[in-house]
Structures are given as structure tokens and as C-alpha cells.
$ cat work_31.txt   # compact mmCIF, C-alpha atoms
# COMPACT_ATOMS: atom_id res chain seq x y z
CA MET A 245 0.00 0.00 0.00
CA ALA A 246 1.79 3.10 -1.21
CA MET A 247 0.77 6.19 0.68
CA ASN A 248 1.65 9.12 -1.47
CA PRO A 249 1.10 12.43 0.37
CA MET A 250 1.23 14.20 -2.97
CA GLU A 251 -1.71 12.24 -4.30
CA GLN A 252 -4.16 14.76 -2.83
CA PHE A 253 -2.83 17.45 -5.14
CA GLU A 254 -3.37 15.45 -8.30
CA ILE A 255 -5.84 16.77 -10.76
CA HIS A 256 -7.90 14.41 -12.83
CA ARG A 257 -10.62 14.89 -15.33
CA ILE A 258 -14.26 14.41 -14.42
CA GLY A 259 -16.54 13.80 -17.34
CA PRO A 260 -15.68 14.35 -20.98
CA ALA A 261 -12.49 15.96 -22.28
CA VAL A 262 -13.16 19.52 -23.36
CA HIS A 263 -10.85 21.44 -25.64
CA LEU A 264 -10.92 25.14 -26.33
CA PHE A 265 -8.56 26.77 -28.85
CA GLY A 266 -6.38 23.69 -28.60
CA TYR A 267 -6.16 23.81 -24.80
CA ASP A 268 -7.43 21.09 -22.51
CA VAL A 269 -10.04 22.80 -20.33
CA SER A 270 -11.82 19.66 -19.15
CA PHE A 271 -13.83 19.79 -15.94
CA THR A 272 -11.65 18.32 -13.18
CA ASN A 273 -11.88 17.49 -9.51
CA GLN A 274 -10.34 20.90 -8.92
CA SER A 275 -12.94 22.64 -11.09
CA LEU A 276 -15.57 20.85 -9.02
CA PHE A 277 -14.09 22.20 -5.79
CA MET A 278 -13.87 25.73 -7.19
CA CYS A 279 -17.57 25.45 -7.95
CA ILE A 280 -18.18 24.11 -4.42
CA VAL A 281 -16.24 27.05 -3.00
CA VAL A 282 -18.34 29.54 -4.97
CA GLY A 283 -21.50 27.66 -3.98
CA ALA A 284 -20.52 27.58 -0.30
CA VAL A 285 -19.69 31.31 -0.21
CA THR A 286 -22.95 32.10 -2.00
CA LEU A 287 -24.94 29.87 0.33
CA PHE A 288 -23.29 31.39 3.40
CA PHE A 289 -24.24 34.90 2.35
CA ALA A 290 -27.56 34.03 0.70
CA MET A 291 -28.79 32.54 3.97
CA ALA A 292 -27.82 35.77 5.67
CA VAL A 293 -29.36 38.23 3.26
CA SER A 294 -32.50 36.29 2.28
CA ARG A 295 -34.40 37.85 5.15
CA THR A 296 -32.45 40.77 6.52
CA LYS A 297 -33.70 42.03 9.81
CA LEU A 298 -32.90 45.16 11.74
CA VAL A 299 -31.81 43.00 14.65
CA PRO A 300 -29.70 40.33 12.93
CA GLY A 301 -29.92 36.61 13.55
CA ARG A 302 -26.89 34.34 13.81
CA MET A 303 -26.21 33.93 10.09
CA GLN A 304 -26.91 37.56 9.27
CA SER A 305 -24.62 38.61 12.10
CA MET A 306 -21.78 36.46 10.74
CA ALA A 307 -22.25 37.83 7.24
CA GLU A 308 -22.34 41.39 8.51
CA ILE A 309 -19.24 40.84 10.63
CA SER A 310 -17.47 39.46 7.52
CA TYR A 311 -18.57 42.49 5.55
CA GLU A 312 -17.41 44.94 8.20
CA PHE A 313 -14.18 42.98 8.67
CA VAL A 314 -13.23 43.36 5.01
CA ALA A 315 -14.47 46.96 4.88
CA ASN A 316 -12.36 47.88 7.92
CA MET A 317 -9.36 46.06 6.48
CA ILE A 318 -9.59 48.14 3.30
CA ARG A 319 -10.26 51.37 5.18
CA SER A 320 -7.29 50.93 7.50
CA THR A 321 -4.80 50.00 4.78
CA ALA A 322 -5.98 51.84 1.65
CA GLY A 323 -8.08 54.65 3.11
CA ASP A 324 -11.69 55.49 2.35
CA ASP A 325 -11.24 55.71 -1.42
CA GLY A 326 -9.96 52.12 -1.32
CA LEU A 327 -13.56 51.09 -0.58
CA ALA A 328 -14.22 51.37 -4.31
CA PHE A 329 -12.42 48.02 -4.51
CA PHE A 330 -14.54 46.43 -1.82
CA PRO A 331 -16.23 43.85 -4.11
CA PHE A 332 -12.85 42.84 -5.51
CA VAL A 333 -11.12 42.39 -2.14
CA PHE A 334 -14.27 40.81 -0.68
CA SER A 335 -14.35 38.23 -3.49
CA ILE A 336 -10.62 37.48 -3.25
CA PHE A 337 -10.75 37.10 0.52
CA PHE A 338 -13.74 34.79 0.53
CA PHE A 339 -12.56 32.74 -2.42
CA VAL A 340 -9.23 32.09 -0.71
CA LEU A 341 -10.74 31.67 2.77
CA PHE A 342 -13.32 29.10 1.68
CA SER A 343 -10.80 27.31 -0.55
CA ASN A 344 -8.44 27.02 2.42
CA PHE A 345 -11.09 25.87 4.85
CA LEU A 346 -12.92 23.46 2.57
CA GLY A 347 -9.54 21.93 1.74
CA LEU A 348 -9.20 20.92 5.39
CA ILE A 349 -12.14 18.55 5.10
CA PRO A 350 -10.73 15.06 4.59
CA PHE A 351 -10.71 13.92 0.94
CA ALA A 352 -11.50 17.45 -0.20
CA PHE A 353 -9.34 19.12 -2.80
CA THR A 354 -7.52 22.29 -1.81
CA VAL A 355 -7.89 24.75 -4.67
CA THR A 356 -5.26 27.11 -3.26
CA SER A 357 -2.64 24.36 -3.07
CA GLN A 358 -2.09 24.78 -6.80
CA ILE A 359 0.59 27.30 -7.71
CA ILE A 360 -1.15 28.29 -10.92
CA VAL A 361 -4.33 29.24 -9.02
CA THR A 362 -2.55 31.44 -6.49
CA PHE A 363 -0.38 32.84 -9.27
CA ALA A 364 -3.42 33.69 -11.39
CA LEU A 365 -5.06 35.42 -8.42
CA THR A 366 -1.84 37.33 -7.72
CA ALA A 367 -1.54 38.30 -11.39
CA LEU A 368 -5.12 39.56 -11.24
CA VAL A 369 -4.27 41.65 -8.17
CA MET A 370 -1.09 43.09 -9.70
CA LEU A 371 -2.82 43.77 -12.99
CA THR A 372 -5.54 45.65 -11.13
CA VAL A 373 -2.90 47.58 -9.19
CA VAL A 374 -1.08 48.61 -12.37
CA LEU A 375 -4.29 49.55 -14.19
CA VAL A 376 -5.61 51.54 -11.24
CA GLY A 377 -2.23 53.23 -10.82
CA PHE A 378 -2.04 54.37 -14.42
CA ALA A 379 -5.74 55.32 -14.48
CA LYS A 380 -5.36 57.48 -11.40
CA HIS A 381 -1.91 59.02 -11.88
CA GLY A 382 -1.22 58.54 -15.57
CA ILE A 383 2.47 58.27 -16.29
CA GLY A 384 3.06 59.67 -12.78
CA PHE A 385 2.39 56.16 -11.47
CA LEU A 386 5.98 55.36 -12.43
CA LYS A 387 7.07 57.62 -9.56
CA LEU A 388 6.23 54.59 -7.43
CA PHE A 389 9.61 53.21 -8.51
CA VAL A 390 11.50 56.42 -7.72
CA PRO A 391 12.02 56.83 -3.98
CA LYS A 392 13.16 60.12 -2.47
CA ALA A 393 16.94 59.77 -2.61
CA PRO A 394 20.00 61.43 -4.13
CA LEU A 395 20.23 61.10 -7.90
CA LEU A 396 23.29 58.93 -7.76
CA LEU A 397 21.59 56.42 -5.51
CA LEU A 398 18.56 56.29 -7.79
CA ILE A 399 20.60 54.47 -10.40
CA LEU A 400 20.77 51.68 -7.87
CA LEU A 401 17.39 52.11 -6.18
CA VAL A 402 15.09 52.27 -9.21
CA PRO A 403 16.01 48.80 -10.49
CA ILE A 404 15.63 47.47 -6.95
CA GLU A 405 12.19 49.02 -6.65
CA ILE A 406 11.13 47.55 -9.98
CA ILE A 407 12.43 44.13 -9.06
CA SER A 408 10.75 44.24 -5.66
CA PHE A 409 7.49 45.21 -7.33
CA LEU A 410 7.74 42.29 -9.74
CA THR A 411 8.79 39.96 -6.95
CA ARG A 412 5.39 40.45 -5.38
CA LEU A 413 4.00 38.26 -8.14
CA VAL A 414 6.08 35.44 -6.73
CA SER A 415 5.95 36.25 -3.02
CA LEU A 416 2.19 36.71 -2.86
CA SER A 417 1.40 33.57 -4.84
CA VAL A 418 4.07 31.30 -3.38
CA ARG A 419 3.26 32.30 0.23
CA LEU A 420 -0.30 31.06 -0.06
CA PHE A 421 0.54 28.05 -2.24
CA ALA A 422 3.43 26.88 -0.05
CA ASN A 423 1.48 27.24 3.18
CA MET A 424 -1.40 25.19 1.86
CA LEU A 425 0.84 22.62 0.21
CA ALA A 426 3.05 22.16 3.26
CA GLY A 427 0.18 21.94 5.73
CA HIS A 428 -1.78 19.42 3.74
CA THR A 429 1.29 17.38 2.95
CA MET A 430 2.16 17.22 6.63
CA LEU A 431 -1.36 16.11 7.52
CA ALA A 432 -1.21 13.41 4.84
CA VAL A 433 2.22 12.24 6.02
CA PHE A 434 1.07 11.86 9.61
CA ALA A 435 -2.15 10.22 8.45
CA GLY A 436 0.06 7.78 6.53
CA PHE A 437 1.98 7.03 9.72
CA VAL A 438 -1.25 6.30 11.56
CA VAL A 439 -2.37 3.85 8.90
CA ALA A 440 1.07 2.23 8.62
CA LEU A 441 1.49 1.86 12.40
CA GLY A 442 -2.09 0.73 12.85
CA ALA A 443 -1.46 -2.10 10.42
CA ALA A 444 1.82 -3.08 12.10
CA GLY A 445 0.37 -5.50 14.66
CA TRP A 446 1.81 -5.00 18.15
CA LEU A 447 3.05 -1.48 17.17
CA ALA A 448 -0.54 -0.35 16.64
CA PRO A 449 -0.92 1.55 20.00
CA VAL A 450 2.01 3.76 18.99
CA ALA A 451 -0.25 5.15 16.26
CA ILE A 452 -1.75 7.42 18.91
CA GLY A 453 1.37 9.61 18.55
CA PRO A 454 0.91 10.68 14.94
CA MET A 455 -2.85 10.72 15.57
CA LEU A 456 -2.33 13.45 18.20
CA MET A 457 -0.01 15.24 15.80
CA ILE A 458 -2.80 15.30 13.23
CA VAL A 459 -5.09 16.92 15.80
CA PHE A 460 -2.51 19.58 16.59
CA ILE A 461 -1.53 20.22 13.00
CA GLY A 462 -5.21 20.27 12.05
CA ALA A 463 -5.82 23.03 14.57
CA LEU A 464 -2.75 24.87 13.36
CA GLU A 465 -3.90 24.50 9.76
CA MET A 466 -7.23 26.12 10.60
CA LEU A 467 -5.31 29.12 11.88
CA VAL A 468 -3.09 29.09 8.81
CA ALA A 469 -6.12 28.79 6.53
CA PHE A 470 -7.60 31.97 7.96
CA LEU A 471 -4.29 33.77 8.34
CA GLN A 472 -3.19 33.15 4.77
CA ALA A 473 -6.51 34.34 3.37
CA TYR A 474 -6.20 37.42 5.57
CA VAL A 475 -2.60 38.05 4.56
CA PHE A 476 -3.49 37.69 0.91
CA ALA A 477 -6.35 40.18 1.22
CA VAL A 478 -4.37 42.64 3.34
CA LEU A 479 -1.46 42.63 0.90
CA THR A 480 -3.94 43.17 -1.92
CA CYS A 481 -5.20 46.24 -0.03
CA ILE A 482 -1.67 47.49 0.62
CA TYR A 483 -0.75 47.18 -3.06
CA LEU A 484 -3.98 48.93 -4.03
CA ASN A 485 -3.14 51.66 -1.56
CA GLU A 486 0.18 52.21 -3.33
CA ALA A 487 -1.59 52.44 -6.66
CA LEU A 488 -4.09 54.92 -5.22
CA HIS A 489 -1.74 57.07 -3.14
CA LEU A 490 1.77 56.28 -4.48
CA HIS A 491 4.20 56.91 -1.62
CA GLY A 492 2.05 56.52 1.47
CA GLU A 493 0.06 59.70 1.12
CA HIS A 494 -3.06 58.25 2.68
CA HIS A 495 -4.21 59.19 6.17
CA MET B 36 4.24 28.20 -20.70
CA ALA B 37 1.15 26.09 -21.15
CA GLU B 38 1.54 24.07 -24.25
CA PRO B 39 -1.45 23.26 -26.37
CA THR B 40 -2.39 19.67 -25.90
CA THR B 41 -3.72 17.45 -28.57
CA GLY B 42 -6.91 15.55 -28.14
CA THR B 43 -5.27 12.25 -27.48
CA GLN B 44 -2.98 13.53 -24.79
CA VAL B 45 -3.77 12.36 -21.28
CA PRO B 46 -2.44 14.39 -18.35
CA THR B 47 0.34 12.52 -16.60
CA GLN B 48 -1.02 11.10 -13.42
CA GLY B 49 0.88 10.20 -10.28
CA GLY B 50 4.30 8.84 -10.99
CA GLY B 51 7.22 11.02 -10.11
CA ALA B 52 5.65 14.29 -11.29
CA PHE B 53 4.96 16.92 -8.66
CA PRO B 54 1.25 17.59 -9.30
CA PRO B 55 1.15 21.39 -8.72
CA PHE B 56 3.92 21.83 -11.31
CA ASP B 57 2.21 19.70 -13.93
CA THR B 58 1.73 22.29 -16.64
CA THR B 59 -0.68 20.17 -18.64
CA THR B 60 -3.38 20.93 -16.07
CA PHE B 61 -2.76 24.70 -16.12
CA PRO B 62 -5.15 25.66 -18.94
CA SER B 63 -8.03 23.86 -17.28
CA GLN B 64 -7.19 25.37 -13.88
CA ILE B 65 -6.98 28.91 -15.23
CA PHE B 66 -10.12 28.44 -17.31
CA TRP B 67 -12.25 27.21 -14.42
CA LEU B 68 -10.71 29.63 -11.96
CA ALA B 69 -11.67 32.49 -14.28
CA ILE B 70 -15.24 31.22 -14.63
CA THR B 71 -15.79 30.52 -10.93
CA PHE B 72 -14.11 33.71 -9.78
CA VAL B 73 -16.12 35.86 -12.18
CA VAL B 74 -19.32 34.15 -11.01
CA LEU B 75 -18.36 34.70 -7.37
CA PHE B 76 -17.42 38.33 -8.05
CA ALA B 77 -20.73 38.90 -9.84
CA ILE B 78 -22.76 37.37 -7.01
CA LEU B 79 -20.89 39.22 -4.28
CA SER B 80 -20.72 42.60 -6.01
CA ARG B 81 -24.22 42.56 -7.52
CA PHE B 82 -26.39 41.01 -4.84
CA ILE B 83 -24.75 40.22 -1.55
CA GLY B 84 -22.44 43.22 -1.09
CA PRO B 85 -25.09 45.88 -1.79
CA LYS B 86 -27.70 44.05 0.28
CA LEU B 87 -25.40 43.72 3.28
CA GLY B 88 -24.20 47.29 2.86
CA LYS B 89 -27.78 48.51 2.69
CA THR B 90 -28.80 46.56 5.79
CA ILE B 91 -25.82 47.77 7.78
CA GLY B 92 -26.31 51.33 6.52
CA GLU B 93 -30.00 51.23 7.40
CA ARG B 94 -29.22 50.03 10.87
CA LYS B 95 -26.58 52.70 11.36
CA GLY B 96 -29.02 55.30 10.03
CA ARG B 97 -31.76 54.00 12.30
CA VAL B 98 -29.51 54.02 15.34
CA ALA B 99 -28.23 57.50 14.47
CA ASN B 100 -31.79 58.73 13.95
CA ASP B 101 -32.94 57.21 17.21
CA LEU B 102 -30.02 58.75 19.05
CA GLU B 103 -30.73 62.08 17.44
CA ALA B 104 -34.43 61.83 18.32
CA ALA B 105 -33.52 60.89 21.88
CA GLY B 106 -31.20 63.88 22.05
CA ARG B 107 -33.93 66.12 20.69
CA HIS B 108 -36.45 64.83 23.24
CA ARG B 109 -33.94 65.35 25.96
CA SER B 110 -33.27 68.95 24.98
CA ASP B 111 -37.03 69.47 24.66
CA ALA B 112 -37.51 68.13 28.15
CA GLU B 113 -34.71 70.31 29.43
CA ALA B 114 -36.24 73.36 27.74
CA ALA B 115 -39.63 72.48 29.24
CA LEU B 116 -38.06 72.12 32.66
CA ALA B 117 -36.33 75.49 32.29
CA ALA B 118 -39.58 77.12 31.13
CA TYR B 119 -41.43 75.56 34.05
CA GLN B 120 -38.82 76.76 36.49
CA GLN B 121 -38.90 80.24 35.03
CA ALA B 122 -42.70 80.32 35.15
CA LEU B 123 -42.56 79.10 38.73
CA ALA B 124 -40.05 81.80 39.64
CA GLU B 125 -42.13 84.45 37.91
CA ALA B 126 -45.32 83.30 39.64
CA ARG B 127 -43.51 83.30 42.93
CA ALA B 128 -42.22 86.82 42.35
CA ARG B 129 -45.66 87.94 41.27
CA ALA B 130 -47.27 86.40 44.34
CA HIS B 131 -44.64 88.00 46.53
CA ALA B 132 -45.21 91.41 44.92
CA ALA B 133 -48.99 91.03 45.26
CA SER B 134 -48.79 90.08 48.90
CA GLU B 135 -46.37 92.94 49.54
CA GLU B 136 -48.75 95.35 47.83
CA ASN B 137 -51.64 93.95 49.82
CA ARG B 138 -49.72 94.32 53.04
CA ARG B 139 -48.79 97.87 52.22
CA GLN B 140 -52.39 98.69 51.36
CA ILE B 141 -53.69 97.15 54.55
CA GLU B 142 -51.05 98.96 56.57
CA ALA B 143 -52.00 102.24 54.90
CA GLU B 144 -55.66 101.59 55.64
CA VAL B 145 -54.88 100.70 59.21
CA GLU B 146 -52.74 103.83 59.48
CA LYS B 147 -55.54 105.92 58.05
CA ALA B 148 -58.17 104.35 60.29
CA LYS B 149 -55.87 104.85 63.23
CA ALA B 150 -55.36 108.53 62.34
CA GLU B 151 -59.10 109.01 61.91
CA ALA B 152 -59.86 107.33 65.16
CA GLU B 153 -57.20 109.39 66.87
CA GLY B 154 -58.66 112.59 65.38
CA GLU B 155 -62.10 111.57 66.49
CA ALA B 156 -60.83 110.76 69.93
CA LYS B 157 -59.03 114.08 70.15
CA ALA B 158 -62.13 115.93 69.00
CA ALA B 159 -64.22 114.05 71.51
CA ALA B 160 -61.70 114.82 74.21
CA ALA B 161 -61.70 118.48 73.23
CA ARG B 162 -65.45 118.49 73.25
CA ALA B 163 -65.53 116.85 76.62
CA GLU B 164 -62.97 119.27 77.99
CA ALA B 165 -65.02 122.17 76.70
CA ALA B 166 -68.10 120.70 78.28
CA ILE B 167 -66.25 120.20 81.54
CA ALA B 168 -64.97 123.76 81.40
CA ALA B 169 -68.47 125.06 80.69
CA THR B 170 -69.91 122.99 83.47
CA ARG B 171 -67.14 124.15 85.77
CA ALA B 172 -67.83 127.81 84.84
CA GLU B 173 -71.50 127.26 85.32
CA ALA B 174 -70.88 125.63 88.64
CA ALA B 175 -68.60 128.47 89.65
CA ARG B 176 -71.24 130.98 88.65
CA HIS B 177 -73.77 129.09 90.69
CA VAL B 178 -71.45 129.05 93.67
CA THR B 179 -70.92 132.78 93.37
CA LYS B 180 -74.63 133.32 93.13
CA VAL B 181 -75.23 131.15 96.17
CA ALA B 182 -72.51 133.04 98.04
CA GLN B 183 -74.04 136.39 97.08
CA ASP B 184 -77.47 135.23 98.13
CA ALA B 185 -76.03 133.81 101.29
CA ALA B 186 -74.08 136.96 101.92
CA ALA B 187 -77.13 139.12 101.27
CA ALA B 188 -79.20 136.95 103.53
CA ILE B 189 -76.55 137.05 106.28
CA VAL B 190 -76.22 140.77 105.99
CA THR B 191 -80.00 141.21 106.15
CA ARG B 192 -80.24 139.07 109.20
CA LEU B 193 -77.29 140.72 110.93
CA ILE B 194 -78.05 144.36 110.23
CA GLY B 195 -81.62 144.13 109.15
CA GLU B 196 -80.95 146.03 106.09
CA SER B 197 -81.39 144.63 102.62
CA VAL B 198 -78.44 144.54 100.34
CA SER B 199 -78.81 144.86 96.63
CA ALA B 200 -77.59 142.08 94.36
CA GLU B 201 -74.93 144.34 92.85
CA GLU B 202 -73.48 145.20 96.26
CA ALA B 203 -73.43 141.58 97.27
CA GLU B 204 -71.72 140.58 94.09
CA THR B 205 -69.04 143.19 94.46
CA ALA B 206 -68.49 142.20 98.02
CA VAL B 207 -68.19 138.50 97.27
CA ARG B 208 -65.82 139.18 94.38
CA ALA B 209 -63.70 141.24 96.70
CA THR B 210 -63.14 138.22 98.92
CA GLY B 211 -61.54 136.49 95.97
CA ALA B 212 -64.04 133.77 95.48
$ encode --input "work_31.txt" --output "C-alpha cells"
Amino acid sequence: MAMNPMEQFEIHRIGPAVHLFGYDVSFTNQSLFMCIVVGAVTLFFAMAVSRTKLVPGRMQSMAEISYEFVANMIRSTAGDDGLAFFPFVFSIFFFVLFSNFLGLIPFAFTVTSQIIVTFALTALVMLTVVLVGFAKHGIGFLKLFVPKAPLLLLILLVPIEIISFLTRLVSLSVRLFANMLAGHTMLAVFAGFVVALGAAGWLAPVAIGPMLMIVFIGALEMLVAFLQAYVFAVLTCIYLNEALHLHGEHH
Amino acid sequence: MAEPTTGTQVPTQGGGAFPPFDTTTFPSQIFWLAITFVVLFAILSRFIGPKLGKTIGERKGRVANDLEAAGRHRSDAEAALAAYQQALAEARARAHAASEENRRQIEAEVEKAKAEAEGEAKAAAARAEAAIAATRAEAARHVTKVAQDAAAAIVTRLIGESVSAEEAETAVRATGA
């Protein structure tokens, strides 16, 4: 019995093979979980807003807290004019948050454990940042790469600024991807130990060790799932703030 | 990066490949991510976001309105209390002034009545004194008359000679009566 902890990240086709412009865009187990994520987020909020009351019930309260949480996050990092991007940040945060959390359910697929998914989301964020920056400041947006420093130093600093800006594409996407990948791999590895030890006759009671580890790592992963979604959304806000206000002009 | 795949190509499964770096799955991942994310964005930005925002805004508005109304009622009540206290103070002052006026009037009346009574008493006293004086004068006259008569009678009896009233009067007056 080969326990491969990487098996959970494998993508396989569900249903017929679909090709578009020569690319394989078949519906996969991952596509299914992206749909589940969207469905779960929609259900969570639809239950809350189906009958809004002045004095909120439990579900409405949770939805409103989520709303205020994201709104405050944007307001504190990007200022009041950052609220124009509320739907964008709200969608990103909840897509990532639900992907992370649903991935913790055993046998579920973790959408955000795929580098291309986190990279695509990051690219979307950076593209938005660049577009907003040029739309708001025109060519003046390029001042973002020119810090206040002596001219001689700028020769050195401007390339560094540009590289650090581009590096965000990697740092933002890899942070989320690596956290999810590592956590889920670890859980699978310890789960493999439990199964292997449990099947090893007189060694079976020792399986309680990795079992406890799974409990601890599971708890830790819940924290990580939330934290990484939060970090992703906060960094999105911070980058948007730069596009809106260039060098920290806001509040 | 993502290479177009032909229809017969099957994504490599398992084996030594590290699944997240399997580029053959990238087009499908990006495609479905785009679809699902756009759907999620549409749902959240069109329906759920505005609805939640409206509900929260309404509640904030309602709370703010209620607070404002409460503040207004409070200031109304305070104004009413101030007006009541002022009216009370005014009424008190008016009552005080009225009673003062009343007192002064009564005192004046008493004073007047007293003065009148005193005048009357004085007049009565004067009248009485006059009467007493008249009576006394009358009495004195009577006494003199009696003395004259007595003197005349005594003289007549002593010397047997009648004395005229004028002589008797002169004689009595000479004694200093």
C-alpha cells in the first residue's frame, strides 16, 4: 500500500475531455471544488441576506461581521477611497478563505494548493494595481519606482524598486501556495503514519502519537487557513493603496 | 508556458511528477478559476455586497436617527423644565409682589383708620374738655350766686338792712371767690 502524500494534489478529469482553442479545459476534480467554494460562499451569504432584519440573527450577524471585517481592512490600509475596490477584495478574501477551509475537510481538494491558481489570483491583483495606478496618476504612477533619494543612488534604487514590485508576483502567490501545500502534505504524512502503524500489529498503540499530531496540525492549519486568506487580502489592499496614493500619502 | 495539448494527450497522473507543477493541467485550472471567480465576483458585487451594505447602513441610520431623536427629546424636556422653572419663579415673584402690595395697602388703611380714630378721639376729648370747662364755669357761677345770696341773707339778718344784688356781688368778688 503506497501512501503518497502528494496524491491529494493530483488533478484528474471528471466527465468528458473539453478542448478550447487547442487547450485542454476539461472539468476536473479541482474545477468541481472551485464550484463548491463559490456555492458555499454564495450559500453562506444568501442565507444571511435572504431575510435581513434590523436586529440580525446568527447567520446575518456572521455575514455582517465578515462584511465589516473586510471593509475595515480596506479602510485601514488603503483609506476610504480604497472602498471602491470592496467587491474585488471581498471576493478574493472569501474565495481564498473558503478554498483554504474546505480543503481541510478530509478527501476534499484544496484549490489554493495549486501554484497556478494562487499565481493567477496574484496576477489579477497586480494587474488591477497597475491599471488603477495608471488610471489614477497617468504616467506619474511610475514615480512609485522612484524613492526620495540622491540622484546617484537612484541608479541603484530604481532597479531594486522595480524588481521588488515584480517579486510580489512570486511572493504573494508562493506564500499562499506553499502554506497550503506544506500543511496538507504534513497532515497526509502523519495520516500515513497512523495507517502504517495501525497495520503493524503489536506497534498499533504507537499510532496514537501521529494521531495526536494530526489533531494539533489540524488546529494549526485552521489558523493558517484563515491567516493566509487574511494576509493575501491585506497585501492586496496594501498594493492597491500604493496604486491609489503612491508613496504613502493616505491618512 | 502552457503548451497546447492534442486531443489524445492524457495528463500525466501520479508517478514522479509533482502535481502542482504539472503544466498540462494549467489551462483547465486557469479556465475554471476564471469562470468561478467571475461568477463569485458577480454574485458578491451585484447582490450580496449591496444588500449587506444597505442593511448595515440602514441600521446605522436608524440608530443614528434614534439617538438624534432621543437627544432632541432630551433637549425638549430640558427646555420644558427650564420654562417651568422660570414660570414658577415668575409666579412666585408675582405672588410675593402682590402680597407685599396687599400688606402695604392694609397697613396704609390701618394707618388711616388709626389717624381718623385718633382725630375723632381728640375731637371728643376736646369736646368733653369744653363741656367740663363750661360745666365748671357754670358751677362756679352758681357758687358765686349762692354766696351772694347767702351773703345778702346774712347781711339782712345781721343788720336788718337789705343789700342789693350788685353790692353783694361786688363784696363777694372782693373776697376772691
$ closest_residue --input "work_31.txt" --among "B:His108, B:Lys147, B:Lys95, B:Arg171" --to "chain A" --atoms "only C-alpha atoms"
B:Lys95
$ closest_residue --input "work_31.txt" --among "B:Arg139, B:Gly88, B:Ile194, B:Ala158" --to "A:Val314" --atoms "only C-alpha atoms"
B:Gly88
$ residues_around --input "work_31.txt" --residues "B:Ala187" --least-positions-apart "2" --cutoff "10 Å" --atoms "only C-alpha atoms" --output "number ranges by chain"
B: 181-185, 189-193, 196-200, 202-204, 206-207
$ interface_residues --input "work_31.txt" --of "chain A" --to "chain B" --cutoff "8 Å" --atoms "only C-alpha atoms" --output "PyMOL selection string"
chain A and resi 250-251+253-256+263+266-272+274-275+278-279+282+286+289-290+293+296-298+307-308+311+331-332+334-335+339+357-361+364
$ atom_distance --input "work_31.txt" --atom1 "atom CA of A:Phe337" --atom2 "atom CA of A:Leu388"
25.6 Å
$ closest_residue --input "work_31.txt" --among "A:Asn485, A:Asn344, A:Thr411, A:Thr372" --to "A:Met466" --atoms "all atoms listed in the file"
A:Asn344
$ closest_residue --input "work_31.txt" --among "A:Ser417, A:Ser310, A:Ser320, A:Ser294" --to "A:Thr356" --atoms "all atoms listed in the file"
A:Ser417
$ residues_around --input "work_31.txt" --residues "A:Gly323" --least-positions-apart "3" --cutoff "10 Å" --atoms "all atoms listed in the file" --output "list in words"
Asn316, Met317, Ile318, Arg319, Ser320, Gly326, Leu327, Cys481, Ile482, Asn485, Leu488, His489, Glu493, His494 and His495 of chain A
$ atom_distance --input "work_31.txt" --atom1 "atom CA of B:Arg138" --atom2 "atom CA of B:Ala156"
26.1 Å
$ atom_distance --input "work_31.txt" --atom1 "atom CA of A:Thr366" --atom2 "atom CA of A:Phe329"
15.4 Å
$ closest_residue --input "work_31.txt" --among "A:Phe389, A:Phe277, A:Phe313, A:Phe363" --to "A:Pro403" --atoms "all atoms listed in the file"
A:Phe389
$ residues_around --input "work_31.txt" --residues "A:Val374" --least-positions-apart "5" --cutoff "9 Å" --atoms "only C-alpha atoms" --output "ChimeraX atom specification"
/A:369,379,385,484,487
$ closest_residue --input "work_31.txt" --among "A:Leu413, A:Leu479, A:Val459, A:Val402" --to "A:Met430" --atoms "all atoms listed in the file"
A:Val459
$ build_atoms --input "work_31.txt" --residues "stretch 102-107 of chain B" --atoms "all heavy atoms" --output "compact mmCIF listing (two decimals), in the frame of the given file"
# COMPACT_ATOMS: atom_id res chain seq x y z
N LEU B 102 -30.85 57.99 18.11
CA LEU B 102 -30.02 58.75 19.05
C LEU B 102 -30.32 60.23 18.93
O LEU B 102 -30.45 60.94 19.93
CB LEU B 102 -28.54 58.50 18.75
CG LEU B 102 -27.95 57.22 19.32
CD1 LEU B 102 -26.50 57.09 18.93
CD2 LEU B 102 -28.08 57.21 20.84
N GLU B 103 -30.46 60.66 17.66
CA GLU B 103 -30.73 62.08 17.44
C GLU B 103 -32.08 62.47 18.04
O GLU B 103 -32.21 63.49 18.72
CB GLU B 103 -30.73 62.34 15.93
CG GLU B 103 -30.59 63.80 15.56
CD GLU B 103 -30.97 64.01 14.10
OE1 GLU B 103 -30.89 63.04 13.32
OE2 GLU B 103 -31.38 65.11 13.76
N ALA B 104 -33.09 61.57 17.79
CA ALA B 104 -34.43 61.83 18.32
C ALA B 104 -34.38 61.88 19.84
O ALA B 104 -34.98 62.76 20.48
CB ALA B 104 -35.39 60.75 17.84
N ALA B 105 -33.63 60.93 20.43
CA ALA B 105 -33.52 60.89 21.88
C ALA B 105 -32.89 62.18 22.38
O ALA B 105 -33.34 62.78 23.37
CB ALA B 105 -32.68 59.69 22.31
N GLY B 106 -31.86 62.63 21.67
CA GLY B 106 -31.20 63.88 22.05
C GLY B 106 -32.16 65.06 21.96
O GLY B 106 -32.17 65.92 22.85
N ARG B 107 -32.98 65.02 20.87
CA ARG B 107 -33.93 66.12 20.69
C ARG B 107 -34.95 66.12 21.83
O ARG B 107 -35.25 67.16 22.42
CB ARG B 107 -34.63 65.95 19.34
CG ARG B 107 -34.92 67.27 18.67
CD ARG B 107 -35.30 67.10 17.22
NE ARG B 107 -36.17 65.99 16.97
CZ ARG B 107 -35.90 64.98 16.14
NH1 ARG B 107 -34.76 64.96 15.50
NH2 ARG B 107 -36.75 64.02 15.95
